[in-house]
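Text of the file input-v8.txt, holding compact mmCIF, N, CA and C atoms:
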# COMPACT_ATOMS: atom_id res chain seq x y z
N MET G 326 8.98 17.40 19.53
CA MET G 326 9.37 16.44 20.52
C MET G 326 10.14 17.12 21.64
N SER G 327 10.95 18.09 21.31
CA SER G 327 11.80 18.74 22.32
C SER G 327 11.00 19.57 23.31
N THR G 328 9.75 19.89 22.99
CA THR G 328 8.93 20.68 23.91
C THR G 328 7.80 19.86 24.55
N SER G 329 7.84 18.55 24.38
CA SER G 329 6.79 17.68 24.90
C SER G 329 7.00 17.35 26.37
N ASP G 330 6.00 17.64 27.18
CA ASP G 330 6.06 17.28 28.60
C ASP G 330 6.06 15.76 28.77
N LYS G 331 5.33 15.07 27.90
CA LYS G 331 5.28 13.60 27.99
C LYS G 331 6.65 13.00 27.72
N ILE G 332 7.32 13.47 26.69
CA ILE G 332 8.65 12.96 26.36
C ILE G 332 9.63 13.30 27.47
N ALA G 333 9.52 14.51 28.00
CA ALA G 333 10.42 14.95 29.07
C ALA G 333 10.25 14.14 30.35
N SER G 334 9.10 13.51 30.51
CA SER G 334 8.84 12.73 31.72
C SER G 334 9.50 11.34 31.68
N LEU G 335 10.00 10.93 30.53
CA LEU G 335 10.63 9.61 30.41
C LEU G 335 11.99 9.59 31.09
N SER G 336 12.33 8.44 31.65
CA SER G 336 13.69 8.26 32.17
C SER G 336 14.66 8.30 30.99
N ALA G 337 15.92 8.53 31.26
CA ALA G 337 16.92 8.62 30.19
C ALA G 337 16.96 7.36 29.32
N PRO G 338 16.97 6.15 29.90
CA PRO G 338 17.00 4.96 29.04
C PRO G 338 15.72 4.79 28.21
N ALA G 339 14.56 5.11 28.79
CA ALA G 339 13.31 5.01 28.05
C ALA G 339 13.28 6.03 26.91
N LEU G 340 13.81 7.23 27.16
CA LEU G 340 13.88 8.25 26.13
C LEU G 340 14.79 7.79 24.99
N ALA G 341 15.94 7.22 25.33
CA ALA G 341 16.85 6.73 24.29
C ALA G 341 16.16 5.66 23.44
N LEU G 342 15.46 4.73 24.09
CA LEU G 342 14.76 3.68 23.36
C LEU G 342 13.65 4.28 22.50
N PHE G 343 12.91 5.23 23.04
CA PHE G 343 11.83 5.89 22.30
C PHE G 343 12.36 6.49 21.00
N VAL G 344 13.47 7.21 21.09
CA VAL G 344 14.05 7.86 19.91
C VAL G 344 14.54 6.82 18.90
N MET G 345 15.08 5.72 19.38
CA MET G 345 15.57 4.68 18.47
C MET G 345 14.43 3.92 17.79
N ILE G 346 13.27 3.86 18.42
CA ILE G 346 12.13 3.15 17.85
C ILE G 346 11.50 3.90 16.69
N ILE G 347 11.51 5.22 16.73
CA ILE G 347 10.78 6.04 15.75
C ILE G 347 11.03 5.62 14.30
N PRO G 348 12.27 5.42 13.86
CA PRO G 348 12.47 5.04 12.44
C PRO G 348 11.91 3.67 12.07
N HIS G 349 11.52 2.89 13.04
CA HIS G 349 11.02 1.55 12.77
C HIS G 349 9.50 1.49 12.61
N PHE G 350 8.82 2.62 12.81
CA PHE G 350 7.37 2.66 12.58
C PHE G 350 7.08 2.66 11.08
N ASN G 351 5.99 2.01 10.70
CA ASN G 351 5.59 2.05 9.30
C ASN G 351 4.79 3.33 9.04
N ALA G 352 4.23 3.47 7.85
CA ALA G 352 3.51 4.68 7.46
C ALA G 352 2.25 4.91 8.30
N HIS G 353 1.82 3.91 9.03
CA HIS G 353 0.63 4.02 9.87
C HIS G 353 0.99 4.18 11.35
N GLY G 354 2.28 4.34 11.64
CA GLY G 354 2.71 4.51 13.02
C GLY G 354 2.68 3.23 13.83
N LYS G 355 2.90 2.10 13.17
CA LYS G 355 2.87 0.81 13.85
C LYS G 355 4.20 0.09 13.68
N SER G 356 4.52 -0.76 14.65
CA SER G 356 5.76 -1.52 14.59
C SER G 356 5.63 -2.79 15.41
N ASN G 357 6.47 -3.73 15.10
CA ASN G 357 6.60 -4.93 15.91
C ASN G 357 7.06 -4.49 17.30
N GLY G 358 6.40 -4.94 18.34
CA GLY G 358 6.75 -4.56 19.69
C GLY G 358 7.35 -5.68 20.52
N GLU G 359 7.68 -6.78 19.86
CA GLU G 359 8.29 -7.90 20.57
C GLU G 359 9.65 -7.47 21.13
N PRO G 360 9.90 -7.67 22.42
CA PRO G 360 11.18 -7.28 22.99
C PRO G 360 12.38 -7.87 22.24
N GLY G 361 12.27 -9.08 21.74
CA GLY G 361 13.35 -9.68 20.96
C GLY G 361 13.61 -8.93 19.67
N TYR G 362 12.54 -8.49 19.01
CA TYR G 362 12.69 -7.69 17.80
C TYR G 362 13.33 -6.35 18.14
N ILE G 363 12.87 -5.73 19.20
CA ILE G 363 13.41 -4.43 19.60
C ILE G 363 14.92 -4.57 19.85
N LYS G 364 15.31 -5.60 20.58
CA LYS G 364 16.73 -5.79 20.87
C LYS G 364 17.53 -6.07 19.60
N SER G 365 17.03 -6.94 18.74
CA SER G 365 17.81 -7.35 17.57
C SER G 365 17.80 -6.34 16.43
N GLN G 366 16.73 -5.57 16.29
CA GLN G 366 16.61 -4.66 15.15
C GLN G 366 16.75 -3.18 15.51
N VAL G 367 16.32 -2.80 16.69
CA VAL G 367 16.31 -1.39 17.08
C VAL G 367 17.58 -1.00 17.82
N CYS G 368 18.04 -1.83 18.72
CA CYS G 368 19.18 -1.46 19.56
C CYS G 368 20.15 -2.62 19.79
N PRO G 369 20.59 -3.31 18.73
CA PRO G 369 21.42 -4.51 18.93
C PRO G 369 22.78 -4.22 19.56
N LYS G 370 23.29 -3.05 19.40
CA LYS G 370 24.65 -2.75 19.90
C LYS G 370 24.65 -1.94 21.19
N ILE G 371 23.47 -1.70 21.74
CA ILE G 371 23.37 -0.95 22.99
C ILE G 371 23.33 -1.98 24.12
N CYS G 372 24.48 -2.21 24.74
CA CYS G 372 24.59 -3.30 25.72
C CYS G 372 23.75 -3.06 26.97
N TRP G 373 23.49 -1.81 27.32
CA TRP G 373 22.72 -1.55 28.54
C TRP G 373 21.21 -1.65 28.32
N LEU G 374 20.79 -1.87 27.06
CA LEU G 374 19.39 -2.19 26.79
C LEU G 374 19.31 -3.70 26.61
N THR G 375 18.78 -4.37 27.63
CA THR G 375 18.69 -5.82 27.64
C THR G 375 17.24 -6.24 27.43
N MET G 376 17.04 -7.51 27.15
CA MET G 376 15.67 -8.01 26.98
C MET G 376 14.81 -7.69 28.20
N ARG G 377 15.38 -7.84 29.37
CA ARG G 377 14.62 -7.60 30.59
C ARG G 377 14.24 -6.13 30.75
N ASN G 378 15.21 -5.22 30.59
CA ASN G 378 14.85 -3.82 30.83
C ASN G 378 14.15 -3.18 29.63
N ILE G 379 14.28 -3.75 28.46
CA ILE G 379 13.51 -3.24 27.31
C ILE G 379 12.02 -3.32 27.62
N LYS G 380 11.58 -4.40 28.23
CA LYS G 380 10.17 -4.54 28.60
C LYS G 380 9.76 -3.42 29.56
N THR G 381 10.60 -3.14 30.52
CA THR G 381 10.32 -2.07 31.49
C THR G 381 10.21 -0.73 30.79
N TYR G 382 11.14 -0.44 29.88
CA TYR G 382 11.14 0.86 29.19
C TYR G 382 9.99 0.97 28.18
N LEU G 383 9.64 -0.14 27.54
CA LEU G 383 8.48 -0.11 26.64
C LEU G 383 7.20 0.19 27.43
N GLN G 384 7.09 -0.38 28.62
CA GLN G 384 5.91 -0.12 29.45
C GLN G 384 5.90 1.35 29.89
N GLU G 385 7.06 1.88 30.26
CA GLU G 385 7.15 3.29 30.65
C GLU G 385 6.75 4.19 29.48
N ILE G 386 7.25 3.89 28.29
CA ILE G 386 6.90 4.67 27.10
C ILE G 386 5.40 4.60 26.88
N SER G 387 4.82 3.43 27.01
CA SER G 387 3.38 3.25 26.81
C SER G 387 2.57 4.02 27.86
N ASP G 388 3.04 4.02 29.10
CA ASP G 388 2.33 4.69 30.18
C ASP G 388 2.39 6.21 30.07
N LYS G 389 3.48 6.74 29.54
CA LYS G 389 3.72 8.18 29.59
C LYS G 389 3.59 8.92 28.26
N THR G 390 3.47 8.20 27.15
CA THR G 390 3.41 8.87 25.84
C THR G 390 2.23 8.34 25.02
N ASN G 391 2.14 8.82 23.80
CA ASN G 391 1.10 8.36 22.88
C ASN G 391 1.54 7.15 22.07
N VAL G 392 2.69 6.60 22.39
CA VAL G 392 3.14 5.35 21.78
C VAL G 392 2.73 4.23 22.73
N LYS G 393 1.84 3.40 22.27
CA LYS G 393 1.29 2.34 23.11
C LYS G 393 1.88 0.98 22.76
N TRP G 394 2.25 0.25 23.80
CA TRP G 394 2.80 -1.10 23.66
C TRP G 394 1.74 -2.05 24.18
N PHE G 395 1.34 -2.99 23.35
CA PHE G 395 0.26 -3.88 23.76
C PHE G 395 0.43 -5.27 23.17
N LYS G 396 -0.21 -6.20 23.83
CA LYS G 396 -0.22 -7.59 23.37
C LYS G 396 -1.54 -7.82 22.65
N TYR G 397 -1.46 -8.23 21.41
CA TYR G 397 -2.65 -8.46 20.59
C TYR G 397 -3.22 -9.84 20.89
N SER G 398 -4.41 -10.10 20.40
CA SER G 398 -5.08 -11.37 20.67
C SER G 398 -4.31 -12.59 20.14
N ASN G 399 -3.40 -12.37 19.20
CA ASN G 399 -2.60 -13.48 18.66
C ASN G 399 -1.38 -13.77 19.53
N GLY G 400 -1.24 -13.02 20.64
CA GLY G 400 -0.15 -13.25 21.57
C GLY G 400 1.12 -12.47 21.28
N LEU G 401 1.13 -11.72 20.18
CA LEU G 401 2.31 -10.94 19.82
C LEU G 401 2.19 -9.50 20.31
N TYR G 402 3.35 -8.90 20.58
CA TYR G 402 3.39 -7.51 21.03
C TYR G 402 3.55 -6.56 19.85
N TYR G 403 2.91 -5.40 19.95
CA TYR G 403 2.97 -4.38 18.92
C TYR G 403 3.16 -3.02 19.57
N LEU G 404 3.66 -2.09 18.78
CA LEU G 404 3.74 -0.68 19.16
C LEU G 404 2.87 0.10 18.20
N HIS G 405 2.17 1.10 18.73
CA HIS G 405 1.33 1.95 17.89
C HIS G 405 1.45 3.39 18.37
N SER G 406 1.91 4.24 17.48
CA SER G 406 1.97 5.67 17.77
C SER G 406 0.61 6.26 17.44
N LEU G 407 -0.17 6.58 18.46
CA LEU G 407 -1.57 6.97 18.26
C LEU G 407 -1.73 8.26 17.46
N LYS G 408 -0.78 9.15 17.53
CA LYS G 408 -0.90 10.43 16.82
C LYS G 408 0.14 10.57 15.71
N TRP G 409 0.50 9.44 15.11
CA TRP G 409 1.54 9.41 14.09
C TRP G 409 1.24 10.39 12.95
N ARG G 410 0.07 10.32 12.39
CA ARG G 410 -0.27 11.18 11.24
C ARG G 410 -0.30 12.66 11.63
N GLU G 411 -0.69 12.94 12.84
CA GLU G 411 -0.71 14.33 13.31
C GLU G 411 0.71 14.91 13.33
N HIS G 412 1.67 14.08 13.68
CA HIS G 412 3.06 14.54 13.78
C HIS G 412 3.85 14.35 12.48
N HIS G 413 3.24 13.68 11.51
CA HIS G 413 3.89 13.45 10.22
C HIS G 413 2.93 13.81 9.09
N PRO G 414 2.64 15.10 8.91
CA PRO G 414 1.64 15.50 7.93
C PRO G 414 1.98 15.13 6.49
N GLU G 415 3.27 14.97 6.19
CA GLU G 415 3.64 14.61 4.82
C GLU G 415 3.13 13.22 4.44
N ILE G 416 2.87 12.38 5.42
CA ILE G 416 2.37 11.03 5.17
C ILE G 416 0.89 11.07 4.78
N ARG G 417 0.18 12.11 5.11
CA ARG G 417 -1.24 12.20 4.81
C ARG G 417 -1.52 12.12 3.31
N ARG G 418 -0.55 12.48 2.51
CA ARG G 418 -0.75 12.47 1.05
C ARG G 418 -0.72 11.05 0.49
N LEU G 419 -0.24 10.09 1.26
CA LEU G 419 -0.12 8.72 0.75
C LEU G 419 -1.46 8.04 0.63
For the structure just supplied, provide its representation as structure tokens.
Amino acid sequence: MSTSDKIASLSAPALALFVMIIPHFNAHGKSNGEPGYIKSQVCPKICWLTMRNIKTYLQEISDKTNVKWFKYSNGLYYLHSLKWREHHPEIRRL
């Protein structure tokens, strides 16, 4: 991660959010992407990450990295780390 050009291109707040999201991915590199979930479960005590700017930073993360934020056909938002298994080879044994 420290040598990634994509990660380095993120603004400081988007980078902070990106790093905080990582532990919330499941074994398949997926997570709830609802801004309310992100605020309440990922960064509840970070006052400068608000519901409004979380959406902006999630979009920035999606635009600049392999973590994609999207709205599914059921109307809910999700996050998917497209190369999760590549970066977590120990999970391949599961």
### Message
So that I can see what lies close to segment 353-370 of chain G, please list as number ranges by chain the residues with an atom at most 9 Å from it, counting only C-alpha atoms and leaving out residues fewer than 6 positions away in the same chain.
### Response
G: 342, 345-347, 376-377, 379-380, 383, 392, 394-396, 401-410, 416
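Relative to atom N of Ala352 of chain G, atom C of Asn391 of chain G is found at 14.9 Å.
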### Atomic distance atom CA of Ile386 of chain G - atom CA of Pro338 of chain G, expressed in Å with one decimal
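That distance, rounded to one decimal, is 10.3 Å.
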### Query
What is the atom C of Ser327 of chain G-atom N of Tyr382 of chain G distance in Å, reported with one decimal?
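Between these atoms lies a distance of 21.1 Å.
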### Message
Please return, as a VMD selection string, all residues of segment 329-414 of chain G that DSSP assigns to helix (DSSP H, G or I) on the basis of the backbone.
### Response
chain G and resid 330 to 333 337 to 349 360 to 367 376 to 389 409 to 412 414
### Task
From the DSSP assignment of the backbone, select every residue of chain G that is strand (DSSP E or B), and format the answer as a list in words.
Lys355, Ser356, Asn357, Val392, Lys393, Trp394, Phe395, Lys396, Tyr402, Tyr403, Leu404, His405 and Ser406 of chain G
Take every atom of segment 340-350 of chain G listed in the file, fit an axis-aligned box around them, add 6 Å per side, and give the centre and edge lengths in Å to one decimal as lines of an AutoDock Vina configuration file.
center_x = 12.0
center_y = 4.9
center_z = 19.1
size_x = 21.8
size_y = 18.8
size_z = 28.1
Where atoms are absent from segment 396-407 of chain G, fill them in so it carries all heavy atoms, then output it as a PDB file, in the frame of the given file.
ATOM      1  N   LYS G 396      -0.210  -6.200  23.830  1.00  0.00           N
ATOM      2  CA  LYS G 396      -0.220  -7.590  23.370  1.00  0.00           C
ATOM      3  C   LYS G 396      -1.540  -7.820  22.650  1.00  0.00           C
ATOM      4  O   LYS G 396      -2.624  -7.622  23.216  1.00  0.00           O
ATOM      5  CB  LYS G 396      -0.079  -8.531  24.562  1.00  0.00           C
ATOM      6  CG  LYS G 396       0.164  -9.956  24.197  1.00  0.00           C
ATOM      7  CD  LYS G 396       0.448 -10.771  25.461  1.00  0.00           C
ATOM      8  CE  LYS G 396       0.912 -12.151  25.148  1.00  0.00           C
ATOM      9  NZ  LYS G 396       1.233 -12.892  26.382  1.00  0.00           N
ATOM     10  N   TYR G 397      -1.460  -8.230  21.410  1.00  0.00           N
ATOM     11  CA  TYR G 397      -2.650  -8.460  20.590  1.00  0.00           C
ATOM     12  C   TYR G 397      -3.220  -9.840  20.890  1.00  0.00           C
ATOM     13  O   TYR G 397      -2.593 -10.670  21.538  1.00  0.00           O
ATOM     14  CB  TYR G 397      -2.263  -8.320  19.113  1.00  0.00           C
ATOM     15  CG  TYR G 397      -3.416  -8.046  18.196  1.00  0.00           C
ATOM     16  CD1 TYR G 397      -4.174  -6.892  18.302  1.00  0.00           C
ATOM     17  CD2 TYR G 397      -3.752  -8.959  17.207  1.00  0.00           C
ATOM     18  CE1 TYR G 397      -5.237  -6.649  17.449  1.00  0.00           C
ATOM     19  CE2 TYR G 397      -4.809  -8.725  16.347  1.00  0.00           C
ATOM     20  CZ  TYR G 397      -5.552  -7.577  16.481  1.00  0.00           C
ATOM     21  OH  TYR G 397      -6.606  -7.344  15.638  1.00  0.00           O
ATOM     22  N   SER G 398      -4.410 -10.100  20.400  1.00  0.00           N
ATOM     23  CA  SER G 398      -5.080 -11.370  20.670  1.00  0.00           C
ATOM     24  C   SER G 398      -4.310 -12.590  20.140  1.00  0.00           C
ATOM     25  O   SER G 398      -4.515 -13.703  20.607  1.00  0.00           O
ATOM     26  CB  SER G 398      -6.494 -11.364  20.076  1.00  0.00           C
ATOM     27  OG  SER G 398      -6.438 -11.158  18.679  1.00  0.00           O
ATOM     28  N   ASN G 399      -3.400 -12.370  19.200  1.00  0.00           N
ATOM     29  CA  ASN G 399      -2.600 -13.480  18.660  1.00  0.00           C
ATOM     30  C   ASN G 399      -1.380 -13.770  19.530  1.00  0.00           C
ATOM     31  O   ASN G 399      -0.577 -14.643  19.201  1.00  0.00           O
ATOM     32  CB  ASN G 399      -2.166 -13.191  17.221  1.00  0.00           C
ATOM     33  CG  ASN G 399      -1.286 -11.962  17.105  1.00  0.00           C
ATOM     34  OD1 ASN G 399      -0.884 -11.356  18.087  1.00  0.00           O
ATOM     35  ND2 ASN G 399      -0.988 -11.580  15.877  1.00  0.00           N
ATOM     36  N   GLY G 400      -1.240 -13.020  20.640  1.00  0.00           N
ATOM     37  CA  GLY G 400      -0.150 -13.250  21.570  1.00  0.00           C
ATOM     38  C   GLY G 400       1.120 -12.470  21.280  1.00  0.00           C
ATOM     39  O   GLY G 400       2.084 -12.567  22.028  1.00  0.00           O
ATOM     40  N   LEU G 401       1.130 -11.720  20.180  1.00  0.00           N
ATOM     41  CA  LEU G 401       2.310 -10.940  19.820  1.00  0.00           C
ATOM     42  C   LEU G 401       2.190  -9.500  20.310  1.00  0.00           C
ATOM     43  O   LEU G 401       1.092  -8.966  20.429  1.00  0.00           O
ATOM     44  CB  LEU G 401       2.503 -10.958  18.301  1.00  0.00           C
ATOM     45  CG  LEU G 401       2.722 -12.329  17.677  1.00  0.00           C
ATOM     46  CD1 LEU G 401       2.807 -12.209  16.156  1.00  0.00           C
ATOM     47  CD2 LEU G 401       3.970 -12.985  18.234  1.00  0.00           C
ATOM     48  N   TYR G 402       3.350  -8.900  20.580  1.00  0.00           N
ATOM     49  CA  TYR G 402       3.390  -7.510  21.030  1.00  0.00           C
ATOM     50  C   TYR G 402       3.550  -6.560  19.850  1.00  0.00           C
ATOM     51  O   TYR G 402       4.274  -6.861  18.892  1.00  0.00           O
ATOM     52  CB  TYR G 402       4.548  -7.297  22.004  1.00  0.00           C
ATOM     53  CG  TYR G 402       4.281  -7.859  23.374  1.00  0.00           C
ATOM     54  CD1 TYR G 402       4.700  -9.140  23.704  1.00  0.00           C
ATOM     55  CD2 TYR G 402       3.617  -7.112  24.338  1.00  0.00           C
ATOM     56  CE1 TYR G 402       4.472  -9.666  24.968  1.00  0.00           C
ATOM     57  CE2 TYR G 402       3.378  -7.627  25.599  1.00  0.00           C
ATOM     58  CZ  TYR G 402       3.799  -8.901  25.905  1.00  0.00           C
ATOM     59  OH  TYR G 402       3.567  -9.423  27.156  1.00  0.00           O
ATOM     60  N   TYR G 403       2.910  -5.400  19.950  1.00  0.00           N
ATOM     61  CA  TYR G 403       2.970  -4.380  18.920  1.00  0.00           C
ATOM     62  C   TYR G 403       3.160  -3.020  19.570  1.00  0.00           C
ATOM     63  O   TYR G 403       2.844  -2.812  20.746  1.00  0.00           O
ATOM     64  CB  TYR G 403       1.673  -4.357  18.099  1.00  0.00           C
ATOM     65  CG  TYR G 403       1.459  -5.610  17.308  1.00  0.00           C
ATOM     66  CD1 TYR G 403       0.736  -6.676  17.834  1.00  0.00           C
ATOM     67  CD2 TYR G 403       2.006  -5.754  16.037  1.00  0.00           C
ATOM     68  CE1 TYR G 403       0.554  -7.841  17.115  1.00  0.00           C
ATOM     69  CE2 TYR G 403       1.829  -6.922  15.310  1.00  0.00           C
ATOM     70  CZ  TYR G 403       1.100  -7.951  15.853  1.00  0.00           C
ATOM     71  OH  TYR G 403       0.936  -9.109  15.145  1.00  0.00           O
ATOM     72  N   LEU G 404       3.660  -2.090  18.780  1.00  0.00           N
ATOM     73  CA  LEU G 404       3.740  -0.680  19.160  1.00  0.00           C
ATOM     74  C   LEU G 404       2.870   0.100  18.200  1.00  0.00           C
ATOM     75  O   LEU G 404       2.854  -0.182  16.998  1.00  0.00           O
ATOM     76  CB  LEU G 404       5.185  -0.170  19.064  1.00  0.00           C
ATOM     77  CG  LEU G 404       6.144  -0.659  20.124  1.00  0.00           C
ATOM     78  CD1 LEU G 404       7.582  -0.382  19.702  1.00  0.00           C
ATOM     79  CD2 LEU G 404       5.848   0.007  21.453  1.00  0.00           C
ATOM     80  N   HIS G 405       2.170   1.100  18.730  1.00  0.00           N
ATOM     81  CA  HIS G 405       1.330   1.950  17.890  1.00  0.00           C
ATOM     82  C   HIS G 405       1.450   3.390  18.370  1.00  0.00           C
ATOM     83  O   HIS G 405       1.128   3.686  19.520  1.00  0.00           O
ATOM     84  CB  HIS G 405      -0.121   1.497  17.943  1.00  0.00           C
ATOM     85  CG  HIS G 405      -1.009   2.237  17.002  1.00  0.00           C
ATOM     86  ND1 HIS G 405      -2.360   2.158  17.073  1.00  0.00           N
ATOM     87  CD2 HIS G 405      -0.745   3.071  15.978  1.00  0.00           C
ATOM     88  CE1 HIS G 405      -2.899   2.913  16.130  1.00  0.00           C
ATOM     89  NE2 HIS G 405      -1.922   3.481  15.454  1.00  0.00           N
ATOM     90  N   SER G 406       1.910   4.240  17.480  1.00  0.00           N
ATOM     91  CA  SER G 406       1.970   5.670  17.770  1.00  0.00           C
ATOM     92  C   SER G 406       0.610   6.260  17.440  1.00  0.00           C
ATOM     93  O   SER G 406       0.260   6.417  16.260  1.00  0.00           O
ATOM     94  CB  SER G 406       3.072   6.336  16.941  1.00  0.00           C
ATOM     95  OG  SER G 406       3.108   7.718  17.195  1.00  0.00           O
ATOM     96  N   LEU G 407      -0.170   6.580  18.460  1.00  0.00           N
ATOM     97  CA  LEU G 407      -1.570   6.970  18.260  1.00  0.00           C
ATOM     98  C   LEU G 407      -1.730   8.260  17.460  1.00  0.00           C
ATOM     99  O   LEU G 407      -2.729   8.443  16.788  1.00  0.00           O
ATOM    100  CB  LEU G 407      -2.272   7.108  19.611  1.00  0.00           C
ATOM    101  CG  LEU G 407      -2.325   5.833  20.454  1.00  0.00           C
ATOM    102  CD1 LEU G 407      -3.051   6.105  21.765  1.00  0.00           C
ATOM    103  CD2 LEU G 407      -2.992   4.689  19.704  1.00  0.00           C
TER     104      LEU G 407
END
